[in-house]
>>> print(open('start.txt').read())   # compact mmCIF, C-alpha atoms
# COMPACT_ATOMS: atom_id res chain seq x y z
CA MET C 1 -35.52 93.49 -80.18
CA ARG C 2 -37.83 96.43 -80.29
CA GLY C 3 -39.07 95.41 -76.84
CA LEU C 4 -35.52 95.34 -75.58
CA LEU C 5 -34.79 98.81 -76.93
CA SER C 6 -37.93 100.36 -75.52
CA LEU C 7 -37.27 98.75 -72.15
CA ARG C 8 -33.76 100.02 -72.26
CA HIS C 9 -34.96 103.58 -72.53
CA SER C 10 -37.93 103.31 -70.22
CA GLY C 11 -36.19 104.09 -66.94
CA SER C 12 -34.73 107.52 -66.37
CA ALA C 13 -31.44 106.24 -64.93
CA THR C 14 -28.66 105.31 -67.35
CA ASP C 15 -27.30 101.77 -67.40
CA GLU C 16 -24.01 103.15 -66.11
CA ALA C 17 -25.72 104.82 -63.13
CA LEU C 18 -27.64 101.62 -62.35
CA LEU C 19 -24.48 99.54 -62.61
CA ALA C 20 -22.65 101.89 -60.24
CA ALA C 21 -25.57 101.80 -57.77
CA ALA C 22 -25.77 98.00 -57.95
CA ALA C 23 -22.03 97.81 -57.26
CA GLN C 24 -22.77 99.70 -54.03
CA GLY C 25 -25.35 97.06 -53.07
CA ASP C 26 -28.48 98.79 -54.38
CA VAL C 27 -30.86 95.88 -54.99
CA ARG C 28 -33.43 98.03 -56.81
CA ALA C 29 -30.83 99.26 -59.28
CA PHE C 30 -29.81 95.67 -59.85
CA GLU C 31 -33.43 94.70 -60.36
CA ALA C 32 -33.79 97.45 -62.98
CA LEU C 33 -30.68 96.16 -64.77
CA TYR C 34 -32.09 92.66 -64.69
CA ASP C 35 -35.33 93.85 -66.22
CA ARG C 36 -33.47 95.72 -68.92
CA TYR C 37 -31.04 92.98 -69.90
CA SER C 38 -32.30 89.58 -68.79
CA ARG C 39 -34.12 89.09 -72.10
CA ALA C 40 -31.06 89.89 -74.21
CA VAL C 41 -28.75 87.80 -72.01
CA TYR C 42 -31.15 84.86 -71.89
CA SER C 43 -31.83 84.97 -75.61
CA LEU C 44 -28.15 85.12 -76.54
CA ALA C 45 -27.36 82.20 -74.24
CA LEU C 46 -30.30 80.27 -75.67
CA ARG C 47 -29.14 80.99 -79.22
CA MET C 48 -25.73 79.57 -78.39
CA LEU C 49 -26.53 76.78 -75.97
CA ARG C 50 -30.02 75.48 -76.77
CA ASP C 51 -30.17 73.60 -73.46
CA ALA C 52 -32.66 75.42 -71.20
CA LYS C 53 -30.96 74.42 -67.96
CA ALA C 54 -27.54 75.57 -69.16
CA VAL C 55 -29.10 78.80 -70.43
CA GLU C 56 -30.63 79.55 -67.04
CA GLU C 57 -27.32 78.81 -65.35
CA VAL C 58 -25.47 81.16 -67.65
CA THR C 59 -28.07 83.91 -67.19
CA GLN C 60 -27.85 83.58 -63.43
CA GLU C 61 -24.04 83.63 -63.53
CA VAL C 62 -24.04 86.72 -65.72
CA PHE C 63 -26.26 88.67 -63.36
CA LEU C 64 -24.41 87.52 -60.27
CA SER C 65 -21.25 88.80 -61.96
CA VAL C 66 -23.05 92.07 -62.66
CA TRP C 67 -23.99 92.23 -58.98
CA ARG C 68 -20.59 91.31 -57.58
CA GLY C 69 -18.38 92.68 -60.31
CA GLY C 70 -20.14 95.91 -61.18
CA ARG C 71 -17.24 97.84 -59.71
CA ASP C 72 -14.90 96.20 -62.24
CA TYR C 73 -16.79 97.97 -64.98
CA ASP C 74 -14.73 100.77 -66.50
CA PRO C 75 -16.76 103.30 -68.57
CA ARG C 76 -13.66 104.09 -70.62
CA ARG C 77 -13.82 100.54 -71.97
CA GLY C 78 -17.30 100.89 -73.43
CA SER C 79 -20.94 101.17 -72.46
CA ALA C 80 -22.48 99.24 -69.58
CA ARG C 81 -24.71 97.55 -72.14
CA SER C 82 -21.80 96.17 -74.15
CA TRP C 83 -20.08 95.16 -70.90
CA ILE C 84 -23.09 93.12 -69.79
CA LEU C 85 -23.59 91.57 -73.22
CA ALA C 86 -19.87 90.78 -73.48
CA LEU C 87 -20.13 89.07 -70.10
CA ALA C 88 -23.12 87.10 -71.38
CA HIS C 89 -21.28 86.14 -74.54
CA HIS C 90 -18.12 85.17 -72.69
CA LYS C 91 -19.97 82.89 -70.29
CA SER C 92 -22.05 81.40 -73.09
CA VAL C 93 -18.88 80.66 -75.07
CA ASP C 94 -17.36 78.96 -72.04
CA ALA C 95 -20.50 76.87 -71.63
CA VAL C 96 -20.78 75.96 -75.31
CA ARG C 97 -17.12 74.87 -75.45
CA HIS C 98 -17.71 72.81 -72.35
CA GLN C 99 -20.77 71.24 -74.00
CA ARG C 100 -18.69 70.37 -77.05
CA LEU C 101 -16.01 68.71 -74.96
CA ARG C 102 -18.71 66.55 -73.41
CA ALA C 103 -20.28 65.75 -76.75
CA ALA C 104 -17.18 65.03 -78.84
CA ASP C 105 -19.17 62.97 -81.34
CA ARG C 106 -21.38 65.84 -82.25
CA LEU C 107 -18.33 68.05 -82.66
CA SER C 108 -16.71 65.72 -85.19
CA GLU C 109 -19.99 65.54 -87.10
CA GLU C 110 -20.18 69.31 -87.26
CA MET C 111 -16.51 69.58 -88.14
CA THR C 112 -16.84 67.27 -91.12
CA GLY C 113 -19.42 69.72 -92.47
CA GLU C 114 -22.30 67.24 -92.66
CA THR C 115 -24.64 69.88 -91.27
CA ASP C 116 -24.86 73.39 -92.64
CA VAL C 117 -23.79 75.16 -89.43
CA VAL C 118 -23.01 78.49 -91.06
CA GLY C 119 -26.15 78.62 -93.14
CA GLU C 120 -28.24 77.67 -90.14
CA ALA C 121 -26.49 80.26 -88.01
CA ILE C 122 -27.10 83.05 -90.48
CA ARG C 123 -30.71 82.06 -91.17
CA SER C 124 -31.48 82.12 -87.46
CA VAL C 125 -30.26 85.69 -87.05
CA GLU C 126 -33.24 87.78 -86.08
CA GLY C 127 -33.41 91.50 -85.98
CA ALA C 128 -33.48 93.17 -89.36
CA ARG C 129 -30.68 95.59 -88.54
CA VAL C 130 -28.17 92.90 -87.60
CA ARG C 131 -29.24 90.63 -90.45
CA GLU C 132 -28.88 93.44 -92.96
CA ALA C 133 -25.48 94.37 -91.61
CA LEU C 134 -24.32 90.74 -91.78
CA ALA C 135 -25.72 90.47 -95.30
CA ALA C 136 -23.62 93.46 -96.34
CA LEU C 137 -20.39 91.59 -95.43
CA SER C 138 -18.53 89.43 -97.87
CA GLU C 139 -19.51 85.78 -97.54
CA VAL C 140 -16.18 84.77 -96.03
CA GLN C 141 -16.30 87.59 -93.47
CA ARG C 142 -19.87 86.66 -92.51
CA GLU C 143 -18.87 83.03 -92.15
CA ALA C 144 -15.94 83.78 -89.87
CA ILE C 145 -17.89 86.14 -87.62
CA THR C 146 -20.97 83.94 -87.42
CA LEU C 147 -18.98 80.84 -86.50
CA ALA C 148 -17.12 82.81 -83.87
CA TYR C 149 -19.90 84.82 -82.31
CA TYR C 150 -22.97 82.58 -82.52
CA GLN C 151 -21.30 79.18 -82.50
CA GLY C 152 -18.50 79.95 -80.06
CA TYR C 153 -15.63 78.58 -82.17
CA THR C 154 -12.10 79.90 -81.70
CA GLN C 155 -10.30 81.40 -84.67
CA GLN C 156 -8.06 78.31 -84.77
CA GLU C 157 -11.09 75.99 -84.86
CA ILE C 158 -12.57 78.04 -87.69
CA ALA C 159 -9.30 77.88 -89.64
CA ASP C 160 -9.19 74.10 -89.15
CA ARG C 161 -12.81 73.73 -90.11
CA LEU C 162 -12.55 75.80 -93.29
CA GLY C 163 -9.09 74.50 -94.18
CA LEU C 164 -7.63 78.00 -94.17
CA PRO C 165 -4.42 79.48 -92.75
CA LEU C 166 -5.02 81.05 -89.34
CA GLY C 167 -3.85 84.42 -90.65
CA THR C 168 -6.58 84.42 -93.28
CA VAL C 169 -9.27 83.82 -90.65
CA LYS C 170 -7.83 86.62 -88.50
CA THR C 171 -7.96 89.02 -91.41
CA ARG C 172 -11.53 88.07 -92.37
CA MET C 173 -12.70 88.42 -88.80
CA ARG C 174 -10.99 91.76 -88.33
CA ASP C 175 -12.14 93.24 -91.65
CA GLY C 176 -15.65 91.96 -91.02
CA MET C 177 -15.81 93.51 -87.58
CA LEU C 178 -14.52 96.87 -88.80
CA ARG C 179 -17.11 96.78 -91.61
CA LEU C 180 -19.88 95.91 -89.13
CA ARG C 181 -18.73 98.78 -86.97
CA ILE C 182 -19.40 101.15 -89.83
CA LEU C 183 -22.67 99.47 -90.85
CA LEU C 184 -24.06 99.24 -87.35
CA GLY C 185 -22.40 102.46 -86.19
CA ARG C 186 -24.94 104.57 -88.06
CA SER C 187 -27.87 102.81 -86.40
CA MET C 188 -26.02 102.73 -83.04
CA GLN C 189 -25.68 106.50 -83.32
CA GLY C 190 -29.35 106.80 -84.26
CA GLU C 191 -30.31 104.72 -81.27
CA GLN C 192 -28.59 107.07 -78.85
CA THR C 193 -30.69 110.08 -79.92
CA MET K 1 4.39 89.50 -79.17
CA THR K 2 4.42 92.91 -80.81
CA HIS K 3 1.67 95.49 -80.82
CA GLY K 4 1.08 94.77 -84.52
CA GLU K 5 0.69 91.02 -83.94
CA LEU K 6 -1.65 91.55 -81.03
CA LYS K 7 -3.68 94.09 -82.91
CA GLU K 8 -4.56 91.32 -85.37
CA ASP K 9 -6.18 89.42 -82.51
CA ILE K 10 -8.26 92.31 -81.17
CA ALA K 11 -11.31 91.46 -83.27
CA ALA K 12 -11.15 87.80 -82.29
CA TYR K 13 -10.74 88.89 -78.66
CA ALA K 14 -13.90 91.03 -78.85
CA LEU K 15 -15.72 88.01 -80.34
CA ASP K 16 -14.40 85.65 -77.61
CA ALA K 17 -12.79 83.65 -80.42
CA LEU K 18 -9.38 83.23 -78.80
CA ALA K 19 -8.11 80.24 -76.88
CA PRO K 20 -7.67 81.11 -73.18
CA GLU K 21 -3.89 81.51 -73.38
CA GLU K 22 -4.19 83.84 -76.39
CA ALA K 23 -6.84 85.88 -74.60
CA ARG K 24 -4.53 86.29 -71.60
CA LYS K 25 -1.78 87.66 -73.85
CA VAL K 26 -4.17 90.21 -75.32
CA GLU K 27 -5.36 91.23 -71.85
CA ALA K 28 -1.80 91.78 -70.72
CA HIS K 29 -1.20 93.96 -73.78
CA LEU K 30 -4.43 95.91 -73.20
CA ARG K 31 -3.25 96.99 -69.76
CA ALA K 32 -0.34 98.76 -71.43
CA CYS K 33 -1.86 99.92 -74.73
CA GLU K 34 -4.43 102.71 -74.79
CA GLU K 35 -4.94 102.41 -78.55
CA CYS K 36 -5.88 98.73 -78.41
CA ARG K 37 -8.09 99.36 -75.35
CA SER K 38 -10.23 101.83 -77.23
CA GLU K 39 -10.43 99.50 -80.21
CA VAL K 40 -11.65 96.67 -77.97
CA ALA K 41 -14.26 99.05 -76.53
CA ALA K 42 -15.50 99.94 -80.03
CA LEU K 43 -15.57 96.31 -81.23
CA ARG K 44 -17.36 95.23 -78.09
CA GLU K 45 -20.14 97.63 -78.96
CA VAL K 46 -20.36 95.90 -82.34
CA ALA K 47 -20.41 92.47 -80.68
CA GLY K 48 -23.14 93.77 -78.37
CA GLU K 49 -25.20 94.54 -81.47
CA LEU K 50 -24.66 90.98 -82.68
CA ALA K 51 -26.23 89.84 -79.40
CA SER K 52 -29.52 91.39 -80.50
CA GLY K 53 -29.35 89.17 -83.58
CA ALA K 54 -30.37 86.25 -81.38
CA PRO K 55 -34.10 85.45 -81.51
CA MET K 56 -35.61 87.18 -78.47
CA VAL K 57 -37.10 84.82 -75.92
CA GLU K 58 -38.62 85.91 -72.63
CA PRO K 59 -36.75 84.31 -69.71
CA PRO K 60 -38.90 82.40 -67.21
CA SER K 61 -40.16 84.47 -64.28
CA ALA K 62 -38.89 81.82 -61.86
CA LEU K 63 -35.38 82.67 -63.04
CA ARG K 64 -35.93 86.33 -62.14
CA ALA K 65 -37.09 85.32 -58.68
CA ARG K 66 -34.05 83.08 -58.27
CA VAL K 67 -31.55 85.70 -59.37
CA LEU K 68 -33.08 88.40 -57.19
CA ALA K 69 -33.28 86.03 -54.23
CA ALA K 70 -29.57 85.34 -54.63
CA VAL K 71 -28.63 89.01 -54.17
CA ARG K 72 -31.34 90.11 -51.77
CA PRO K 73 -30.84 89.71 -48.03
CA THR K 74 -33.39 86.97 -47.40
CA PRO K 75 -36.24 87.58 -44.95
CA PRO K 76 -35.96 84.37 -42.91
CA ALA K 77 -39.64 83.93 -42.06
CA VAL K 78 -40.68 83.77 -45.71
CA THR K 79 -37.95 81.80 -47.37
CA LEU K 80 -37.04 79.25 -44.71
CA PRO K 81 -36.63 75.76 -46.10
CA ARG K 82 -39.28 73.38 -44.88
CA ALA K 83 -36.86 71.41 -42.73
CA TRP K 84 -35.95 74.60 -40.88
CA ALA K 85 -39.60 75.46 -40.35
CA VAL K 86 -40.12 72.04 -38.78
CA SER K 87 -37.13 72.42 -36.50
CA LEU K 88 -38.31 75.93 -35.65
CA ALA K 89 -41.60 74.45 -34.54
CA GLY K 90 -39.52 72.04 -32.46
CA ALA K 91 -37.59 74.96 -31.03
CA ALA K 92 -40.83 76.74 -30.15
CA ALA K 93 -42.05 73.62 -28.38
CA ALA K 94 -38.74 73.44 -26.53
CA VAL K 95 -39.15 77.06 -25.44
CA LEU K 96 -42.63 76.26 -24.16
CA LEU K 97 -41.25 73.29 -22.24
CA ILE K 98 -38.53 75.45 -20.74
CA LEU K 99 -41.13 78.07 -19.81
CA ALA K 100 -43.30 75.38 -18.24
CA GLY K 101 -40.27 74.13 -16.34
CA LEU K 102 -39.49 77.68 -15.24
CA THR K 103 -43.05 78.09 -14.02
CA VAL K 104 -42.80 74.92 -11.98
CA SER K 105 -39.46 75.92 -10.52
CA LEU K 106 -40.78 79.43 -9.83
CA GLN K 107 -43.73 77.89 -8.02
CA ARG K 108 -41.34 75.75 -6.03
CA GLU K 109 -39.20 78.75 -5.24
CA ARG K 110 -42.27 80.67 -4.16
CA ALA K 111 -43.31 77.83 -1.85
CA ALA K 112 -39.79 77.69 -0.43
CA LEU K 113 -39.84 81.45 0.18
CA HIS K 114 -43.17 81.09 1.95
CA ALA K 115 -41.76 78.37 4.17
CA ARG K 116 -38.73 80.46 4.94
CA LEU K 117 -40.84 83.51 5.77
CA ALA K 118 -43.05 81.37 7.99
CA ALA K 119 -39.96 80.00 9.75
CA GLN K 120 -38.56 83.48 10.22
CA GLY K 121 -41.94 84.63 11.52
CA GLN K 122 -41.82 81.76 13.97
CA VAL K 123 -38.36 82.75 15.18
CA LEU K 124 -39.46 86.38 15.51
CA ALA K 125 -42.47 85.26 17.50
CA LEU K 126 -40.19 83.07 19.63
CA LEU K 127 -37.76 85.93 20.25
CA ALA K 128 -40.60 88.25 21.09
CA SER K 129 -42.09 85.76 23.53
CA PRO K 130 -41.24 86.55 27.19
CA THR K 131 -41.11 82.84 27.97
CA ALA K 132 -38.73 81.91 25.11
CA LYS K 133 -35.31 80.52 25.92
CA THR K 134 -32.14 80.11 23.92
CA ALA K 135 -29.55 77.36 24.08
CA SER K 136 -26.26 77.45 22.18
CA LEU K 137 -25.15 74.10 20.82
CA THR K 138 -21.53 73.17 21.35
CA GLY K 139 -19.48 70.12 20.54
CA THR K 140 -16.64 68.83 18.43
CA VAL K 141 -16.84 71.43 15.65
CA PRO K 142 -16.78 75.23 15.70
CA ALA K 143 -20.30 76.40 15.07
CA GLY K 144 -22.83 79.19 15.46
CA VAL K 145 -25.95 77.20 16.18
CA ARG K 146 -28.66 78.16 18.67
CA PHE K 147 -31.85 76.47 19.65
CA VAL K 148 -34.66 78.90 20.45
CA TYR K 149 -37.66 77.36 22.16
CA ASP K 150 -40.78 78.23 24.00
CA PRO K 151 -42.02 75.30 26.10
CA ASP K 152 -45.34 76.97 26.66
CA ARG K 153 -46.13 77.33 22.97
CA ARG K 154 -44.68 74.00 21.75
CA ARG K 155 -42.63 75.93 19.23
CA ALA K 156 -38.90 76.02 18.60
CA ALA K 157 -36.41 76.86 15.90
CA LEU K 158 -32.84 75.91 15.24
CA VAL K 159 -30.94 78.98 14.05
CA VAL K 160 -27.75 78.11 12.18
CA THR K 161 -25.48 81.04 11.46
CA ASP K 162 -22.20 79.20 11.06
CA LEU K 163 -21.62 75.56 10.28
CA ARG K 164 -19.27 73.94 7.84
CA ASP K 165 -20.48 71.90 4.88
CA PRO K 166 -21.03 68.27 5.95
CA GLY K 167 -19.82 66.87 2.59
CA ARG K 168 -21.66 66.27 -0.61
CA GLU K 169 -23.64 63.21 0.32
CA PHE K 170 -24.36 64.19 3.91
CA VAL K 171 -26.84 66.30 5.83
CA TYR K 172 -27.13 67.54 9.39
CA GLN K 173 -29.93 65.95 11.33
CA LEU K 174 -31.52 67.59 14.37
CA TRP K 175 -32.60 65.33 17.26
CA LEU K 176 -34.78 65.98 20.27
CA ILE K 177 -33.87 63.56 23.04
CA ALA K 178 -36.23 62.48 25.80
CA GLY K 179 -34.31 60.25 28.24
CA GLN K 180 -32.46 57.81 25.93
CA GLN K 181 -34.89 58.18 23.04
CA PRO K 182 -33.83 60.49 20.15
CA GLU K 183 -36.55 61.74 17.84
CA SER K 184 -35.77 63.36 14.51
CA ALA K 185 -36.71 67.03 14.18
CA GLY K 186 -35.58 67.47 10.57
CA VAL K 187 -32.52 67.66 8.34
CA PHE K 188 -30.72 70.64 6.86
CA ARG K 189 -27.65 71.70 4.95
CA PRO K 190 -25.87 74.92 5.72
CA VAL K 191 -25.80 77.64 3.06
CA PRO K 192 -22.56 79.66 3.03
CA GLY K 193 -23.05 83.25 4.22
CA GLN K 194 -26.72 82.73 4.95
CA PRO K 195 -28.42 81.81 8.24
CA ILE K 196 -30.67 78.78 8.23
CA ILE K 197 -33.76 78.38 10.34
CA VAL K 198 -35.13 74.92 10.99
CA PRO K 199 -38.61 75.27 12.53
CA VAL K 200 -39.66 72.66 15.11
CA ALA K 201 -43.15 71.91 16.44
CA ALA K 202 -43.08 69.67 19.49
CA ASP K 203 -43.98 69.38 23.14
CA LEU K 204 -40.66 70.75 24.25
CA ALA K 205 -41.25 70.10 27.90
CA ARG K 206 -40.75 66.37 27.19
CA TYR K 207 -37.12 66.72 26.01
CA GLN K 208 -33.96 67.36 27.85
CA VAL K 209 -31.41 67.57 25.05
CA VAL K 210 -31.14 68.78 21.45
CA ALA K 211 -28.38 67.25 19.33
CA ILE K 212 -27.08 67.35 15.79
CA THR K 213 -25.51 64.43 13.95
CA VAL K 214 -24.06 64.12 10.47
CA GLU K 215 -26.11 61.60 8.52
CA ARG K 216 -26.38 60.30 5.00
CA GLY K 217 -28.51 62.57 2.79
CA PRO K 218 -30.77 63.64 1.54
CA HIS K 219 -33.51 62.56 3.98
CA GLY K 220 -31.55 61.51 7.04
CA VAL K 221 -32.13 58.39 9.11
CA PRO K 222 -34.77 57.19 11.64
CA ARG K 223 -32.15 56.62 14.35
CA PRO K 224 -28.85 58.42 14.77
CA THR K 225 -25.93 56.41 13.35
CA ALA K 226 -23.15 58.61 14.75
CA THR K 227 -22.14 60.48 17.85
CA PRO K 228 -23.61 64.01 17.94
CA ILE K 229 -21.21 66.71 16.86
CA LEU K 230 -23.19 69.41 18.65
CA LEU K 231 -25.61 69.36 21.53
CA ALA K 232 -27.29 71.49 24.17
CA LYS K 233 -29.34 70.87 27.26
CA ILE K 234 -32.79 72.39 27.36
>>> encode(input="start.txt", output="structure tokens")
Amino acid sequence: MRGLLSLRHSGSATDEALLAAAAQGDVRAFEALYDRYSRAVYSLALRMLRDAKAVEEVTQEVFLSVWRGGRDYDPRRGSARSWILALAHHKSVDAVRHQRLRAADRLSEEMTGETDVVGEAIRSVEGARVREALAALSEVQREAITLAYYQGYTQQEIADRLGLPLGTVKTRMRDGMLRLRILLGRSMQGEQT
Amino acid sequence: MTHGELKEDIAAYALDALAPEEARKVEAHLRACEECRSEVAALREVAGELASGAPMVEPPSALRARVLAAVRPTPPAVTLPRAWAVSLAGAAAAVLLILAGLTVSLQRERAALHARLAAQGQVLALLASPTAKTASLTGTVPAGVRFVYDPDRRRAALVVTDLRDPGREFVYQLWLIAGQQPESAGVFRPVPGQPIIVPVAADLARYQVVAITVERGPHGVPRPTATPILLAKI
């Protein structure tokens, strides 16, 4: 993570400027974006998908979307960084849901709780800052967010899995995210300076 | 769905934890609601931080090359698939063959030009000769055909300025006739808008008549098979 951050601040151009240049067909700007974010995109996809071939496909799709769709990026809707990572997450979620459809047996095994999916998901979180922030959540908030973000489950699937009303899952997810926003917001601010 | 109901789904939306149809409803709402848009932006930043919770793994360098190759205009010489390279070699060979063919046909053309120049030179020499004579050939077709000959120099030329096409498979054949005996002096085909010169080398004092028949091409026949269409006494 430290490598990612230092890379991110190594070039003089902002992510937003690079994204705008890439949208105009600037290959070098695109290359710089790739070098800044390929590691984060690849690692997130790998965390969610495990399968190396699928991970490479997702990474390639993400960056081709960055190349073709850079002009869809709206700075009022957040930073270029969060846009790229959201793209990576979205495509990884699509892929992981597709994987589950194809491996229905594994899904039912996970759904009956025979493996400790949540525990495994939380233990595998690297990066002290994120782990600390997740640790500061209530257990039920952490569970909901981890299953959603790292495992790619929908809120309905999480409700079914935990035997909870959908509304309860929504509330946990929402409260957890707002709490994370405060916890990570301090370090996000610090990172900008 | 109301703003309040959709607001409950904003966090799940930022986490990609909605079913596709739910996500579409939120997106429709976002287009109209500034408040929810800015909340999505803020929660996406948080989700982006969660991304750095994944164990960092360096992507393979081959992937970088592949992604960059996909967006870069490809330099054809470097990235051509092998099959193309092979067919390119074939194309190069074909170009060489065509060039070789061109060379041969250029050589032929050059030889033909030489022959034509020589024939023209002969006609010029004939015309310049004080002993040269000219006979116009006449017959069953309208024609501009003259026979220029110099009995002393054993040289002659048939000058064709106007003669219709004999038909695809036919040629005109020139005959020199001594008594009842016709001897072939060559074949030719008229070229529209261009005079033709058929050079003749013979002991012209021996012949009394020149004649032209239409014969089967491309090389003509040893003996005339038809009545002459044009002739002249010499």
>>> interface_residues(input="start.txt", of="chain C", to="chain K", cutoff="7 Å", atoms="only C-alpha atoms", output="PyMOL selection string")
chain C and resi 1+27+38-40+42-44+47+56+60+77-78+82+85-86+90+125-127+130+148-149+152-155+170+173-174+177+180-181
>>> residues_around(input="start.txt", residues="Gly176 (chain C)", least_positions_apart="6", cutoff="7 Å", atoms="only C-alpha atoms", output="ChimeraX atom specification")
/C:137,141-142
>>> atom_distance(input="start.txt", atom1="CA of Leu176 (chain K)", atom2="CA of Ala211 (chain K)")
6.6 Å
>>> residues_around(input="start.txt", residues="Ala29 (chain C)", least_positions_apart="5", cutoff="10 Å", atoms="all atoms listed in the file", output="JSON, numbers by chain")
{"C": [13, 15, 17, 18, 19, 20, 21, 22, 23, 24, 34, 35, 67]}
>>> residues_around(input="start.txt", residues="Ile234 (chain K)", least_positions_apart="6", cutoff="9 Å", atoms="all atoms listed in the file", output="PyMOL selection string")
chain K and resi 133-135+147+149+204-205+207-210
>>> closest_residue(input="start.txt", among="C:Asp94, C:Glu57, C:Asp74, C:Asp160", to="Ala144 (chain C)", atoms="all atoms listed in the file")
C:Asp160
>>> residues_near_point(input="start.txt", point="(-42.5, 82.0, 12.8)", cutoff="10 Å", atoms="all atoms listed in the file", output="mmCIF file with C-alpha atoms, keeping the file's coordinate frame")
data_model
loop_
_atom_site.group_PDB
_atom_site.id
_atom_site.type_symbol
_atom_site.label_atom_id
_atom_site.label_comp_id
_atom_site.auth_asym_id
_atom_site.auth_seq_id
_atom_site.Cartn_x
_atom_site.Cartn_y
_atom_site.Cartn_z
ATOM 1 C CA ALA K 115 -41.760 78.370 4.170
ATOM 2 C CA ARG K 116 -38.730 80.460 4.940
ATOM 3 C CA LEU K 117 -40.840 83.510 5.770
ATOM 4 C CA ALA K 118 -43.050 81.370 7.990
ATOM 5 C CA ALA K 119 -39.960 80.000 9.750
ATOM 6 C CA GLN K 120 -38.560 83.480 10.220
ATOM 7 C CA GLY K 121 -41.940 84.630 11.520
ATOM 8 C CA GLN K 122 -41.820 81.760 13.970
ATOM 9 C CA VAL K 123 -38.360 82.750 15.180
ATOM 10 C CA LEU K 124 -39.460 86.380 15.510
ATOM 11 C CA ALA K 125 -42.470 85.260 17.500
ATOM 12 C CA LEU K 126 -40.190 83.070 19.630
ATOM 13 C CA LEU K 127 -37.760 85.930 20.250
ATOM 14 C CA ARG K 155 -42.630 75.930 19.230
ATOM 15 C CA ALA K 156 -38.900 76.020 18.600
ATOM 16 C CA ALA K 157 -36.410 76.860 15.900
ATOM 17 C CA ILE K 197 -33.760 78.380 10.340
ATOM 18 C CA PRO K 199 -38.610 75.270 12.530
#
>>> atom_distance(input="start.txt", atom1="CA of Glu139 (chain C)", atom2="CA of Thr168 (chain C)")
13.7 Å
>>> residues_around(input="start.txt", residues="Ala88 (chain C)", least_positions_apart="6", cutoff="9 Å", atoms="all atoms listed in the file", output="VMD selection string")
chain C and resid 40 to 42 44 to 45 58 to 59 61 to 63
>>> atom_distance(input="start.txt", atom1="CA of Asp162 (chain K)", atom2="CA of Pro195 (chain K)")
7.3 Å
>>> axis_aligned_box(input="start.txt", around="region 163-168 of chain K", padding_each_side="3 Å", output="lines of an AutoDock Vina configuration file")
center_x = -20.5
center_y = 70.9
center_z = 4.8
size_x = 8.4
size_y = 15.3
size_z = 16.9
>>> residues_around(input="start.txt", residues="Ala28 (chain K)", least_positions_apart="5", cutoff="12 Å", atoms="only C-alpha atoms", output="PyMOL selection string")
chain K and resi 1-3+6+21-23+33-34+36-37
>>> residues_near_point(input="start.txt", point="(-22.3, 99.7, -67.9)", cutoff="6 Å", atoms="all atoms listed in the file", output="list in words")
Asp15, Glu16, Leu19, Ser79, Ala80, Arg81 and Trp83 of chain C
